[in-house]
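Shown next: work.csv, given as CSV, N, CA and C atoms.
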chain,number,residue,atom,x,y,z
A,22,VAL,N,-5.4,3.1,-15.6
A,22,VAL,CA,-5.8,3.3,-14.2
A,22,VAL,C,-5.1,4.5,-13.6
A,23,GLN,N,-5.9,5.3,-13.0
A,23,GLN,CA,-5.4,6.5,-12.2
A,23,GLN,C,-5.6,6.3,-10.7
A,24,LEU,N,-4.6,6.6,-9.9
A,24,LEU,CA,-4.7,6.3,-8.5
A,24,LEU,C,-4.5,7.6,-7.7
A,25,GLN,N,-5.3,7.7,-6.7
A,25,GLN,CA,-5.3,8.9,-5.8
A,25,GLN,C,-5.2,8.4,-4.4
A,26,ALA,N,-4.0,8.7,-3.8
A,26,ALA,CA,-3.8,8.3,-2.4
A,26,ALA,C,-4.2,9.4,-1.5
A,27,SER,N,-4.7,9.1,-0.3
A,27,SER,CA,-5.0,10.1,0.7
A,27,SER,C,-5.0,9.5,2.1
A,28,GLY,N,-5.1,10.3,3.1
A,28,GLY,CA,-5.2,9.9,4.5
A,28,GLY,C,-4.0,10.1,5.3
A,29,GLY,N,-2.9,10.6,4.7
A,29,GLY,CA,-1.7,10.9,5.4
A,29,GLY,C,-1.9,12.0,6.4
A,30,GLY,N,-0.9,12.2,7.2
A,30,GLY,CA,-1.0,13.3,8.2
A,30,GLY,C,0.1,13.2,9.3
A,31,LEU,N,0.0,14.1,10.2
A,31,LEU,CA,0.9,14.1,11.4
A,31,LEU,C,0.2,13.4,12.5
A,32,VAL,N,0.9,12.4,13.1
A,32,VAL,CA,0.4,11.7,14.2
A,32,VAL,C,1.5,11.3,15.2
A,33,GLN,N,1.1,11.2,16.4
A,33,GLN,CA,2.1,10.9,17.5
A,33,GLN,C,2.4,9.4,17.4
A,34,ALA,N,3.5,9.0,17.9
A,34,ALA,CA,3.9,7.6,18.0
A,34,ALA,C,2.9,6.9,18.8
A,35,GLY,N,2.6,5.7,18.3
A,35,GLY,CA,1.6,4.9,18.9
A,35,GLY,C,0.2,5.1,18.3
A,36,GLY,N,0.0,6.1,17.5
A,36,GLY,CA,-1.3,6.4,16.9
A,36,GLY,C,-1.5,5.5,15.7
A,37,SER,N,-2.7,5.9,15.1
A,37,SER,CA,-3.1,5.1,13.9
A,37,SER,C,-3.5,6.1,12.8
A,38,LEU,N,-3.5,5.5,11.6
A,38,LEU,CA,-4.0,6.2,10.4
A,38,LEU,C,-4.5,5.2,9.5
A,39,ARG,N,-5.5,5.6,8.6
A,39,ARG,CA,-5.9,4.7,7.5
A,39,ARG,C,-5.7,5.5,6.2
A,40,LEU,N,-4.9,4.9,5.4
A,40,LEU,CA,-4.6,5.5,4.1
A,40,LEU,C,-5.6,4.8,3.1
A,41,SER,N,-6.0,5.6,2.1
A,41,SER,CA,-6.9,5.1,1.1
A,41,SER,C,-6.2,5.4,-0.3
A,42,CYS,N,-6.6,4.6,-1.2
A,42,CYS,CA,-6.1,4.8,-2.6
A,42,CYS,C,-7.3,4.5,-3.5
A,43,ALA,N,-7.8,5.6,-4.1
A,43,ALA,CA,-9.0,5.4,-4.9
A,43,ALA,C,-8.5,5.3,-6.4
A,44,ALA,N,-9.1,4.4,-7.1
A,44,ALA,CA,-8.7,4.1,-8.5
A,44,ALA,C,-9.8,4.5,-9.4
A,45,SER,N,-9.4,5.0,-10.6
A,45,SER,CA,-10.4,5.2,-11.6
A,45,SER,C,-10.4,4.0,-12.6
A,46,GLY,N,-11.4,3.9,-13.4
A,46,GLY,CA,-11.4,2.8,-14.4
A,46,GLY,C,-12.1,1.6,-13.9
A,47,ARG,N,-12.6,0.8,-14.9
A,47,ARG,CA,-13.4,-0.3,-14.6
A,47,ARG,C,-12.6,-1.6,-14.4
A,48,THR,N,-11.3,-1.5,-14.5
A,48,THR,CA,-10.5,-2.7,-14.5
A,48,THR,C,-9.7,-2.8,-13.1
A,49,PHE,N,-10.1,-2.0,-12.1
A,49,PHE,CA,-9.4,-2.0,-10.9
A,49,PHE,C,-9.3,-3.4,-10.3
A,50,SER,N,-10.5,-4.1,-10.3
A,50,SER,CA,-10.5,-5.4,-9.7
A,50,SER,C,-9.7,-6.5,-10.3
A,51,SER,N,-9.1,-6.1,-11.4
A,51,SER,CA,-8.2,-7.1,-12.1
A,51,SER,C,-6.7,-6.9,-11.7
A,52,TYR,N,-6.4,-5.9,-10.9
A,52,TYR,CA,-5.1,-5.6,-10.6
A,52,TYR,C,-4.7,-5.9,-9.2
A,53,ASP,N,-3.5,-6.4,-9.0
A,53,ASP,CA,-3.0,-6.5,-7.6
A,53,ASP,C,-2.6,-5.0,-7.2
A,54,MET,N,-2.7,-4.8,-5.9
A,54,MET,CA,-2.4,-3.4,-5.4
A,54,MET,C,-1.3,-3.5,-4.4
A,55,GLY,N,-0.4,-2.5,-4.4
A,55,GLY,CA,0.7,-2.5,-3.5
A,55,GLY,C,0.8,-1.1,-2.8
A,56,TRP,N,1.3,-1.1,-1.6
A,56,TRP,CA,1.7,0.1,-1.0
A,56,TRP,C,3.2,0.1,-0.8
A,57,PHE,N,3.9,1.2,-1.1
A,57,PHE,CA,5.3,1.4,-1.0
A,57,PHE,C,5.5,2.7,-0.2
A,58,ARG,N,6.7,2.9,0.3
A,58,ARG,CA,6.9,4.1,1.0
A,58,ARG,C,8.4,4.6,0.8
A,59,GLN,N,8.6,5.9,0.9
A,59,GLN,CA,9.9,6.4,0.7
A,59,GLN,C,10.2,7.4,1.8
A,60,ALA,N,11.1,7.1,2.6
A,60,ALA,CA,11.5,8.1,3.7
A,60,ALA,C,12.5,9.0,3.2
A,61,PRO,N,12.7,10.2,3.8
A,61,PRO,CA,13.7,11.2,3.3
A,61,PRO,C,15.1,10.5,3.3
A,62,GLY,N,15.7,10.7,2.1
A,62,GLY,CA,17.1,10.2,1.9
A,62,GLY,C,17.2,8.7,1.7
A,63,LYS,N,16.1,8.0,1.6
A,63,LYS,CA,16.1,6.6,1.5
A,63,LYS,C,15.4,6.2,0.2
A,64,GLU,N,15.6,5.0,-0.2
A,64,GLU,CA,15.0,4.4,-1.4
A,64,GLU,C,13.6,4.0,-1.1
A,65,ARG,N,12.8,3.9,-2.1
A,65,ARG,CA,11.4,3.4,-2.0
A,65,ARG,C,11.4,2.0,-1.5
A,66,GLU,N,10.6,1.6,-0.6
A,66,GLU,CA,10.5,0.3,-0.1
A,66,GLU,C,9.1,-0.3,-0.1
A,67,PHE,N,9.0,-1.6,-0.2
A,67,PHE,CA,7.8,-2.3,-0.1
A,67,PHE,C,7.2,-2.2,1.3
A,68,VAL,N,5.8,-2.1,1.3
A,68,VAL,CA,5.1,-2.1,2.6
A,68,VAL,C,4.2,-3.3,2.6
A,69,ALA,N,3.2,-3.3,1.7
A,69,ALA,CA,2.2,-4.3,1.7
A,69,ALA,C,1.6,-4.5,0.3
A,70,ALA,N,1.1,-5.6,0.0
A,70,ALA,CA,0.4,-5.9,-1.3
A,70,ALA,C,-0.8,-6.8,-1.1
A,71,ILE,N,-1.7,-6.7,-2.0
A,71,ILE,CA,-2.9,-7.5,-2.0
A,71,ILE,C,-3.3,-7.9,-3.4
A,72,SER,N,-3.6,-9.2,-3.5
A,72,SER,CA,-4.0,-9.7,-4.9
A,72,SER,C,-5.3,-9.0,-5.4
A,73,TRP,N,-5.6,-9.3,-6.6
A,73,TRP,CA,-6.8,-8.7,-7.2
A,73,TRP,C,-8.1,-9.1,-6.4
A,74,SER,N,-8.1,-10.3,-5.8
A,74,SER,CA,-9.3,-10.7,-5.1
A,74,SER,C,-9.2,-10.4,-3.6
A,75,GLY,N,-8.0,-10.6,-3.1
A,75,GLY,CA,-7.8,-10.4,-1.7
A,75,GLY,C,-8.6,-11.3,-0.8
A,76,ASP,N,-9.0,-12.5,-1.3
A,76,ASP,CA,-9.9,-13.4,-0.6
A,76,ASP,C,-9.3,-14.2,0.5
A,77,SER,N,-8.0,-14.5,0.4
A,77,SER,CA,-7.5,-15.4,1.4
A,77,SER,C,-6.2,-14.8,2.0
A,78,ILE,N,-5.7,-15.4,3.1
A,78,ILE,CA,-4.5,-15.0,3.7
A,78,ILE,C,-3.3,-15.0,2.8
A,79,ASN,N,-3.4,-15.9,1.8
A,79,ASN,CA,-2.2,-16.0,0.9
A,79,ASN,C,-2.2,-14.9,-0.2
A,80,ASP,N,-3.3,-14.1,-0.1
A,80,ASP,CA,-3.4,-13.0,-1.1
A,80,ASP,C,-2.8,-11.7,-0.6
A,81,VAL,N,-2.2,-11.7,0.6
A,81,VAL,CA,-1.6,-10.5,1.1
A,81,VAL,C,-0.2,-10.7,1.5
A,82,ASP,N,0.6,-9.7,1.3
A,82,ASP,CA,2.0,-9.8,1.7
A,82,ASP,C,2.4,-8.5,2.5
A,83,TYR,N,3.3,-8.6,3.4
A,83,TYR,CA,3.7,-7.5,4.2
A,83,TYR,C,5.3,-7.5,4.3
A,84,ALA,N,5.8,-6.3,4.4
A,84,ALA,CA,7.2,-6.2,4.8
A,84,ALA,C,7.4,-6.7,6.2
A,85,ASP,N,8.5,-7.3,6.6
A,85,ASP,CA,8.7,-7.7,7.9
A,85,ASP,C,8.6,-6.6,8.9
A,86,SER,N,9.0,-5.4,8.5
A,86,SER,CA,9.0,-4.3,9.5
A,86,SER,C,7.6,-3.8,9.8
A,87,VAL,N,6.6,-4.2,9.1
A,87,VAL,CA,5.2,-3.7,9.4
A,87,VAL,C,4.3,-4.8,9.8
A,88,LYS,N,4.7,-6.0,9.7
A,88,LYS,CA,3.8,-7.2,10.1
A,88,LYS,C,3.2,-7.0,11.5
A,89,GLY,N,2.0,-7.2,11.6
A,89,GLY,CA,1.3,-7.1,12.9
A,89,GLY,C,0.9,-5.7,13.2
A,90,ARG,N,1.3,-4.7,12.4
A,90,ARG,CA,0.9,-3.3,12.7
A,90,ARG,C,0.1,-2.7,11.5
A,91,PHE,N,0.4,-3.2,10.3
A,91,PHE,CA,-0.3,-2.7,9.1
A,91,PHE,C,-1.2,-3.7,8.6
A,92,THR,N,-2.3,-3.3,8.0
A,92,THR,CA,-3.3,-4.2,7.4
A,92,THR,C,-3.7,-3.6,6.1
A,93,ILE,N,-3.6,-4.4,5.0
A,93,ILE,CA,-4.0,-3.9,3.7
A,93,ILE,C,-5.3,-4.6,3.4
A,94,SER,N,-6.2,-3.9,2.7
A,94,SER,CA,-7.5,-4.5,2.3
A,94,SER,C,-8.0,-3.7,1.1
A,95,ARG,N,-9.0,-4.3,0.5
A,95,ARG,CA,-9.5,-3.6,-0.7
A,95,ARG,C,-11.0,-3.8,-0.8
A,96,ASP,N,-11.6,-2.9,-1.5
A,96,ASP,CA,-13.1,-2.9,-1.7
A,96,ASP,C,-13.2,-2.7,-3.2
A,97,ASN,N,-13.4,-3.8,-3.9
A,97,ASN,CA,-13.5,-3.7,-5.4
A,97,ASN,C,-14.7,-2.9,-5.9
A,98,ALA,N,-15.8,-3.0,-5.1
A,98,ALA,CA,-17.0,-2.3,-5.4
A,98,ALA,C,-16.8,-0.8,-5.4
A,99,LYS,N,-15.8,-0.3,-4.5
A,99,LYS,CA,-15.6,1.1,-4.4
A,99,LYS,C,-14.3,1.5,-5.1
A,100,ASN,N,-13.6,0.5,-5.8
A,100,ASN,CA,-12.4,0.8,-6.5
A,100,ASN,C,-11.3,1.4,-5.5
A,101,THR,N,-11.2,0.9,-4.3
A,101,THR,CA,-10.4,1.5,-3.3
A,101,THR,C,-9.6,0.4,-2.6
A,102,VAL,N,-8.3,0.7,-2.3
A,102,VAL,CA,-7.5,-0.1,-1.5
A,102,VAL,C,-7.1,0.7,-0.2
A,103,TYR,N,-7.0,0.0,0.9
A,103,TYR,CA,-6.8,0.7,2.2
A,103,TYR,C,-5.5,0.2,2.8
A,104,LEU,N,-4.9,1.0,3.6
A,104,LEU,CA,-3.8,0.6,4.4
A,104,LEU,C,-4.0,1.1,5.8
A,105,GLN,N,-4.4,0.2,6.7
A,105,GLN,CA,-4.6,0.6,8.1
A,105,GLN,C,-3.3,0.5,8.8
A,106,ILE,N,-2.9,1.6,9.4
A,106,ILE,CA,-1.6,1.6,10.1
A,106,ILE,C,-1.8,1.9,11.6
A,107,ASP,N,-1.4,0.9,12.4
A,107,ASP,CA,-1.5,1.0,13.8
A,107,ASP,C,-0.1,1.0,14.5
A,108,SER,N,-0.1,1.5,15.7
A,108,SER,CA,1.2,1.5,16.5
A,108,SER,C,2.3,2.1,15.7
A,109,LEU,N,2.0,3.3,15.2
A,109,LEU,CA,2.9,4.0,14.4
A,109,LEU,C,4.2,4.3,15.2
A,110,LYS,N,5.3,4.3,14.4
A,110,LYS,CA,6.6,4.6,15.0
A,110,LYS,C,7.2,5.7,14.2
A,111,PRO,N,8.2,6.5,14.8
A,111,PRO,CA,8.8,7.6,14.0
A,111,PRO,C,9.4,7.1,12.7
A,112,GLU,N,9.9,5.9,12.7
A,112,GLU,CA,10.6,5.3,11.5
A,112,GLU,C,9.6,5.0,10.4
A,113,ASP,N,8.3,5.1,10.7
A,113,ASP,CA,7.3,4.9,9.6
A,113,ASP,C,7.1,6.2,8.9
A,114,THR,N,7.7,7.3,9.3
A,114,THR,CA,7.6,8.6,8.6
A,114,THR,C,8.1,8.4,7.1
A,115,ALA,N,7.2,8.7,6.2
A,115,ALA,CA,7.6,8.6,4.8
A,115,ALA,C,6.4,9.1,3.9
A,116,VAL,N,6.7,9.2,2.6
A,116,VAL,CA,5.6,9.3,1.7
A,116,VAL,C,5.2,7.9,1.3
A,117,TYR,N,3.9,7.7,1.4
A,117,TYR,CA,3.3,6.4,1.0
A,117,TYR,C,2.7,6.5,-0.3
A,118,TYR,N,3.0,5.5,-1.2
A,118,TYR,CA,2.5,5.4,-2.5
A,118,TYR,C,1.7,4.1,-2.7
A,119,CYS,N,0.6,4.3,-3.4
A,119,CYS,CA,-0.1,3.1,-3.9
A,119,CYS,C,0.2,2.8,-5.3
A,120,ALA,N,0.1,1.5,-5.7
A,120,ALA,CA,0.5,1.1,-7.0
A,120,ALA,C,-0.4,0.0,-7.5
A,121,ALA,N,-0.6,-0.1,-8.8
A,121,ALA,CA,-1.4,-1.2,-9.4
A,121,ALA,C,-0.6,-1.9,-10.4
A,122,GLY,N,-0.7,-3.2,-10.4
A,122,GLY,CA,0.0,-4.0,-11.4
A,122,GLY,C,-0.5,-5.4,-11.4
A,123,ARG,N,0.2,-6.3,-12.2
A,123,ARG,CA,-0.1,-7.7,-12.3
A,123,ARG,C,1.1,-8.5,-12.1
A,124,PRO,N,1.8,-8.4,-10.9
A,124,PRO,CA,3.0,-9.2,-10.7
A,124,PRO,C,2.7,-10.6,-10.4
A,125,PRO,N,3.6,-11.5,-10.6
A,125,PRO,CA,3.5,-12.9,-10.1
A,125,PRO,C,3.5,-12.8,-8.6
A,126,ALA,N,2.8,-13.7,-8.0
A,126,ALA,CA,2.6,-13.7,-6.6
A,126,ALA,C,3.9,-13.5,-5.8
A,127,PHE,N,4.9,-14.2,-6.3
A,127,PHE,CA,6.2,-14.2,-5.5
A,127,PHE,C,7.0,-12.9,-5.8
A,128,ARG,N,6.4,-12.0,-6.6
A,128,ARG,CA,7.1,-10.7,-6.8
A,128,ARG,C,6.2,-9.5,-6.5
A,129,ARG,N,5.2,-9.7,-5.6
A,129,ARG,CA,4.4,-8.6,-5.3
A,129,ARG,C,5.1,-7.5,-4.5
A,130,ASP,N,6.3,-7.9,-4.0
A,130,ASP,CA,7.0,-6.9,-3.2
A,130,ASP,C,8.0,-6.1,-4.1
A,131,GLN,N,8.0,-6.3,-5.4
A,131,GLN,CA,8.9,-5.6,-6.3
A,131,GLN,C,8.2,-4.4,-7.0
A,132,SER,N,8.8,-3.2,-6.7
A,132,SER,CA,8.1,-2.0,-7.3
A,132,SER,C,8.1,-2.1,-8.8
A,133,GLY,N,9.1,-2.7,-9.4
A,133,GLY,CA,9.2,-2.7,-10.9
A,133,GLY,C,8.0,-3.5,-11.5
A,134,GLU,N,7.3,-4.3,-10.7
A,134,GLU,CA,6.2,-5.1,-11.3
A,134,GLU,C,4.9,-4.3,-11.3
A,135,TYR,N,4.9,-3.1,-10.9
A,135,TYR,CA,3.7,-2.3,-10.8
A,135,TYR,C,3.7,-1.2,-11.9
A,136,THR,N,2.6,-1.1,-12.6
A,136,THR,CA,2.5,-0.2,-13.8
A,136,THR,C,2.0,1.2,-13.5
A,137,TYR,N,1.1,1.3,-12.5
A,137,TYR,CA,0.4,2.5,-12.3
A,137,TYR,C,0.7,2.9,-10.8
A,138,TRP,N,1.0,4.2,-10.6
A,138,TRP,CA,1.3,4.8,-9.3
A,138,TRP,C,0.5,6.0,-9.0
A,139,GLY,N,0.2,6.1,-7.7
A,139,GLY,CA,-0.5,7.3,-7.2
A,139,GLY,C,0.6,8.3,-6.9
A,140,GLN,N,0.1,9.5,-6.4
A,140,GLN,CA,1.0,10.6,-6.2
A,140,GLN,C,1.7,10.6,-4.8
A,141,GLY,N,1.2,9.8,-4.0
A,141,GLY,CA,1.8,9.7,-2.6
A,141,GLY,C,1.1,10.5,-1.6
A,142,THR,N,1.1,10.1,-0.4
A,142,THR,CA,0.5,10.8,0.7
A,142,THR,C,1.5,10.7,1.9
A,143,LEU,N,1.8,11.9,2.5
A,143,LEU,CA,2.8,12.0,3.5
A,143,LEU,C,2.3,11.6,4.9
A,144,VAL,N,3.0,10.7,5.5
A,144,VAL,CA,2.8,10.3,6.9
A,144,VAL,C,4.0,10.7,7.7
A,145,THR,N,3.7,11.5,8.8
A,145,THR,CA,4.7,12.0,9.7
A,145,THR,C,4.4,11.6,11.1
A,146,VAL,N,5.3,10.9,11.7
A,146,VAL,CA,5.1,10.3,13.0
A,146,VAL,C,6.0,11.0,14.0
A,147,SER,N,5.5,11.7,15.0
A,147,SER,CA,6.3,12.4,16.0
A,147,SER,C,6.5,11.6,17.2
A,148,SER,N,7.7,11.7,17.8
A,148,SER,CA,8.0,10.9,18.9
A,148,SER,C,7.6,11.6,20.2

For the structure just supplied, provide its representation as structure tokens.
Amino acid sequence: VQLQASGGGLVQAGGSLRLSCAASGRTFSSYDMGWFRQAPGKEREFVAAISWSGDSINDVDYADSVKGRFTISRDNAKNTVYLQIDSLKPEDTAVYYCAAGRPPAFRRDQSGEYTYWGQGTLVTVSS
């Protein structure tokens, strides 16, 4: 699986962005998908994840810092996962990475459980 993230950019605080991650290969729908981010000088951290089906509320997970502002979704027909980011804050500034893997549900927030990674897209939020 090859992943290509896009949609990053420069936005003012309070604004919105929608990140996309397009996957190649016919097995996309069998993978859980995650978004992680890495801010300058910080370690990569979990943002959101969605199970291979994404059918129910139990199939998505969010970091506490983004709950209520970020929404992850997927379109298996288009081999794409999305991250809608609203009410952006300067502390959301980071490179955002998408990842594909088959983690146990209780480990969807662990980067080590993901096998494939995209190249990242930069989100910069100005105050």

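Using only C-alpha atoms, the smallest distance between any of A:Ser74, A:Asn79, A:Ser27, A:Thr48 and Phe127 of chain A comes from A:Asn79.
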
One decimal place gives the atom C of Ala26 of chain A-atom C of Val102 of chain A separation as 9.3 Å

How many Å lie between atom CA of Thr136 of chain A and atom CA of Pro124 of chain A, rounded to one decimal?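 Those two atoms sit 9.5 Å apart.
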
Please extract the residues of chain A with a backbone DSSP assignment of strand (DSSP E or B) and present them as a PyMOL selection string. chain A and resi 24-27+30-33+38-44+53-59+66-71+81-83+91-96+101-106+115-122+135-138+142-147

If I put a ball of radius 9 Å at (-4.9, 14.4, -1.6) in the file's coordinates, which residues poke into it when counting only C-alpha atoms, written as a count of residues only? 8

Shell of 7 Å around Pro125 of chain A, all atoms listed in the file, local chain residues under 3 positions omitted, as a PDB file with N, CA and C atoms, in the frame of the given file:
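Wrote it out as around39.pdb, contents follow:
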ATOM      1  N   ARG A 128       6.400 -12.000  -6.600  1.00  0.00           N
ATOM      2  CA  ARG A 128       7.100 -10.700  -6.800  1.00  0.00           C
ATOM      3  C   ARG A 128       6.200  -9.500  -6.500  1.00  0.00           C
ATOM      4  N   ARG A 129       5.200  -9.700  -5.600  1.00  0.00           N
ATOM      5  CA  ARG A 129       4.400  -8.600  -5.300  1.00  0.00           C
ATOM      6  C   ARG A 129       5.100  -7.500  -4.500  1.00  0.00           C
ATOM      7  N   GLU A 134       7.300  -4.300 -10.700  1.00  0.00           N
ATOM      8  CA  GLU A 134       6.200  -5.100 -11.300  1.00  0.00           C
ATOM      9  C   GLU A 134       4.900  -4.300 -11.300  1.00  0.00           C
TER      10      GLU A 134
END

Counting only C-alpha atoms, the residue among A:Ile78, A:Leu40, A:Val32, A:Met54 that lies closest to Tyr103 of chain A is A:Leu40

At a cut-off of 7 Å, using only N, CA and C atoms, what residues contact segment 105-122 of chain A? Leave out same-chain residues fewer than 3 positions from it and give the result as a CSV table (one decimal) with N, CA and C atoms, in the coordinates of the input.
chain,number,residue,atom,x,y,z
A,24,LEU,N,-4.6,6.6,-9.9
A,24,LEU,CA,-4.7,6.3,-8.5
A,24,LEU,C,-4.5,7.6,-7.7
A,26,ALA,N,-4.0,8.7,-3.8
A,26,ALA,CA,-3.8,8.3,-2.4
A,26,ALA,C,-4.2,9.4,-1.5
A,33,GLN,N,1.1,11.2,16.4
A,33,GLN,CA,2.1,10.9,17.5
A,33,GLN,C,2.4,9.4,17.4
A,34,ALA,N,3.5,9.0,17.9
A,34,ALA,CA,3.9,7.6,18.0
A,34,ALA,C,2.9,6.9,18.8
A,35,GLY,N,2.6,5.7,18.3
A,35,GLY,CA,1.6,4.9,18.9
A,35,GLY,C,0.2,5.1,18.3
A,36,GLY,N,0.0,6.1,17.5
A,36,GLY,CA,-1.3,6.4,16.9
A,36,GLY,C,-1.5,5.5,15.7
A,37,SER,N,-2.7,5.9,15.1
A,37,SER,CA,-3.1,5.1,13.9
A,37,SER,C,-3.5,6.1,12.8
A,38,LEU,N,-3.5,5.5,11.6
A,38,LEU,CA,-4.0,6.2,10.4
A,38,LEU,C,-4.5,5.2,9.5
A,39,ARG,N,-5.5,5.6,8.6
A,39,ARG,CA,-5.9,4.7,7.5
A,39,ARG,C,-5.7,5.5,6.2
A,40,LEU,N,-4.9,4.9,5.4
A,40,LEU,CA,-4.6,5.5,4.1
A,40,LEU,C,-5.6,4.8,3.1
A,42,CYS,N,-6.6,4.6,-1.2
A,42,CYS,CA,-6.1,4.8,-2.6
A,42,CYS,C,-7.3,4.5,-3.5
A,51,SER,N,-9.1,-6.1,-11.4
A,51,SER,CA,-8.2,-7.1,-12.1
A,51,SER,C,-6.7,-6.9,-11.7
A,52,TYR,N,-6.4,-5.9,-10.9
A,52,TYR,CA,-5.1,-5.6,-10.6
A,52,TYR,C,-4.7,-5.9,-9.2
A,53,ASP,N,-3.5,-6.4,-9.0
A,53,ASP,CA,-3.0,-6.5,-7.6
A,53,ASP,C,-2.6,-5.0,-7.2
A,54,MET,N,-2.7,-4.8,-5.9
A,54,MET,CA,-2.4,-3.4,-5.4
A,54,MET,C,-1.3,-3.5,-4.4
A,55,GLY,N,-0.4,-2.5,-4.4
A,55,GLY,CA,0.7,-2.5,-3.5
A,55,GLY,C,0.8,-1.1,-2.8
A,56,TRP,N,1.3,-1.1,-1.6
A,56,TRP,CA,1.7,0.1,-1.0
A,56,TRP,C,3.2,0.1,-0.8
A,57,PHE,N,3.9,1.2,-1.1
A,57,PHE,CA,5.3,1.4,-1.0
A,57,PHE,C,5.5,2.7,-0.2
A,58,ARG,N,6.7,2.9,0.3
A,58,ARG,CA,6.9,4.1,1.0
A,58,ARG,C,8.4,4.6,0.8
A,59,GLN,N,8.6,5.9,0.9
A,59,GLN,CA,9.9,6.4,0.7
A,59,GLN,C,10.2,7.4,1.8
A,60,ALA,N,11.1,7.1,2.6
A,60,ALA,CA,11.5,8.1,3.7
A,60,ALA,C,12.5,9.0,3.2
A,61,PRO,N,12.7,10.2,3.8
A,61,PRO,CA,13.7,11.2,3.3
A,61,PRO,C,15.1,10.5,3.3
A,89,GLY,N,2.0,-7.2,11.6
A,89,GLY,CA,1.3,-7.1,12.9
A,89,GLY,C,0.9,-5.7,13.2
A,90,ARG,N,1.3,-4.7,12.4
A,90,ARG,CA,0.9,-3.3,12.7
A,90,ARG,C,0.1,-2.7,11.5
A,91,PHE,N,0.4,-3.2,10.3
A,91,PHE,CA,-0.3,-2.7,9.1
A,91,PHE,C,-1.2,-3.7,8.6
A,92,THR,N,-2.3,-3.3,8.0
A,92,THR,CA,-3.3,-4.2,7.4
A,92,THR,C,-3.7,-3.6,6.1
A,93,ILE,N,-3.6,-4.4,5.0
A,93,ILE,CA,-4.0,-3.9,3.7
A,93,ILE,C,-5.3,-4.6,3.4
A,94,SER,N,-6.2,-3.9,2.7
A,94,SER,CA,-7.5,-4.5,2.3
A,94,SER,C,-8.0,-3.7,1.1
A,134,GLU,N,7.3,-4.3,-10.7
A,134,GLU,CA,6.2,-5.1,-11.3
A,134,GLU,C,4.9,-4.3,-11.3
A,135,TYR,N,4.9,-3.1,-10.9
A,135,TYR,CA,3.7,-2.3,-10.8
A,135,TYR,C,3.7,-1.2,-11.9
A,136,THR,N,2.6,-1.1,-12.6
A,136,THR,CA,2.5,-0.2,-13.8
A,136,THR,C,2.0,1.2,-13.5
A,137,TYR,N,1.1,1.3,-12.5
A,137,TYR,CA,0.4,2.5,-12.3
A,137,TYR,C,0.7,2.9,-10.8
A,138,TRP,N,1.0,4.2,-10.6
A,138,TRP,CA,1.3,4.8,-9.3
A,138,TRP,C,0.5,6.0,-9.0
A,139,GLY,N,0.2,6.1,-7.7
A,139,GLY,CA,-0.5,7.3,-7.2
A,139,GLY,C,0.6,8.3,-6.9
A,140,GLN,N,0.1,9.5,-6.4
A,140,GLN,CA,1.0,10.6,-6.2
A,140,GLN,C,1.7,10.6,-4.8
A,141,GLY,N,1.2,9.8,-4.0
A,141,GLY,CA,1.8,9.7,-2.6
A,141,GLY,C,1.1,10.5,-1.6
A,142,THR,N,1.1,10.1,-0.4
A,142,THR,CA,0.5,10.8,0.7
A,142,THR,C,1.5,10.7,1.9
A,143,LEU,N,1.8,11.9,2.5
A,143,LEU,CA,2.8,12.0,3.5
A,143,LEU,C,2.3,11.6,4.9
A,144,VAL,N,3.0,10.7,5.5
A,144,VAL,CA,2.8,10.3,6.9
A,144,VAL,C,4.0,10.7,7.7
A,145,THR,N,3.7,11.5,8.8
A,145,THR,CA,4.7,12.0,9.7
A,145,THR,C,4.4,11.6,11.1
A,146,VAL,N,5.3,10.9,11.7
A,146,VAL,CA,5.1,10.3,13.0
A,146,VAL,C,6.0,11.0,14.0
A,147,SER,N,5.5,11.7,15.0
A,147,SER,CA,6.3,12.4,16.0
A,147,SER,C,6.5,11.6,17.2
A,148,SER,N,7.7,11.7,17.8
A,148,SER,CA,8.0,10.9,18.9
A,148,SER,C,7.6,11.6,20.2

Tell me, as a list of chain:residue names, which residues lie within 6.5 Å of Tyr83 of chain A, counting only N, CA and C atoms; anything in the same chain fewer than 6 positions away does not count.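 Once the nearby chain positions are removed, what remains is A:Phe67, A:Val68, A:Ala69, A:Ala70.
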
If you keep N, CA and C atoms, can you produce a file of those selected residues as an mmCIF file, in the frame of the given file?
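Contents of out15.cif, freshly written:
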data_model
loop_
_atom_site.group_PDB
_atom_site.id
_atom_site.type_symbol
_atom_site.label_atom_id
_atom_site.label_comp_id
_atom_site.auth_asym_id
_atom_site.auth_seq_id
_atom_site.Cartn_x
_atom_site.Cartn_y
_atom_site.Cartn_z
ATOM 1 N N PHE A 67 9.000 -1.600 -0.200
ATOM 2 C CA PHE A 67 7.800 -2.300 -0.100
ATOM 3 C C PHE A 67 7.200 -2.200 1.300
ATOM 4 N N VAL A 68 5.800 -2.100 1.300
ATOM 5 C CA VAL A 68 5.100 -2.100 2.600
ATOM 6 C C VAL A 68 4.200 -3.300 2.600
ATOM 7 N N ALA A 69 3.200 -3.300 1.700
ATOM 8 C CA ALA A 69 2.200 -4.300 1.700
ATOM 9 C C ALA A 69 1.600 -4.500 0.300
ATOM 10 N N ALA A 70 1.100 -5.600 0.000
ATOM 11 C CA ALA A 70 0.400 -5.900 -1.300
ATOM 12 C C ALA A 70 -0.800 -6.800 -1.100
#

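With atom CA of Gly46 of chain A on one side and atom CA of Trp73 of chain A on the other, the separation reads 14.3 Å.
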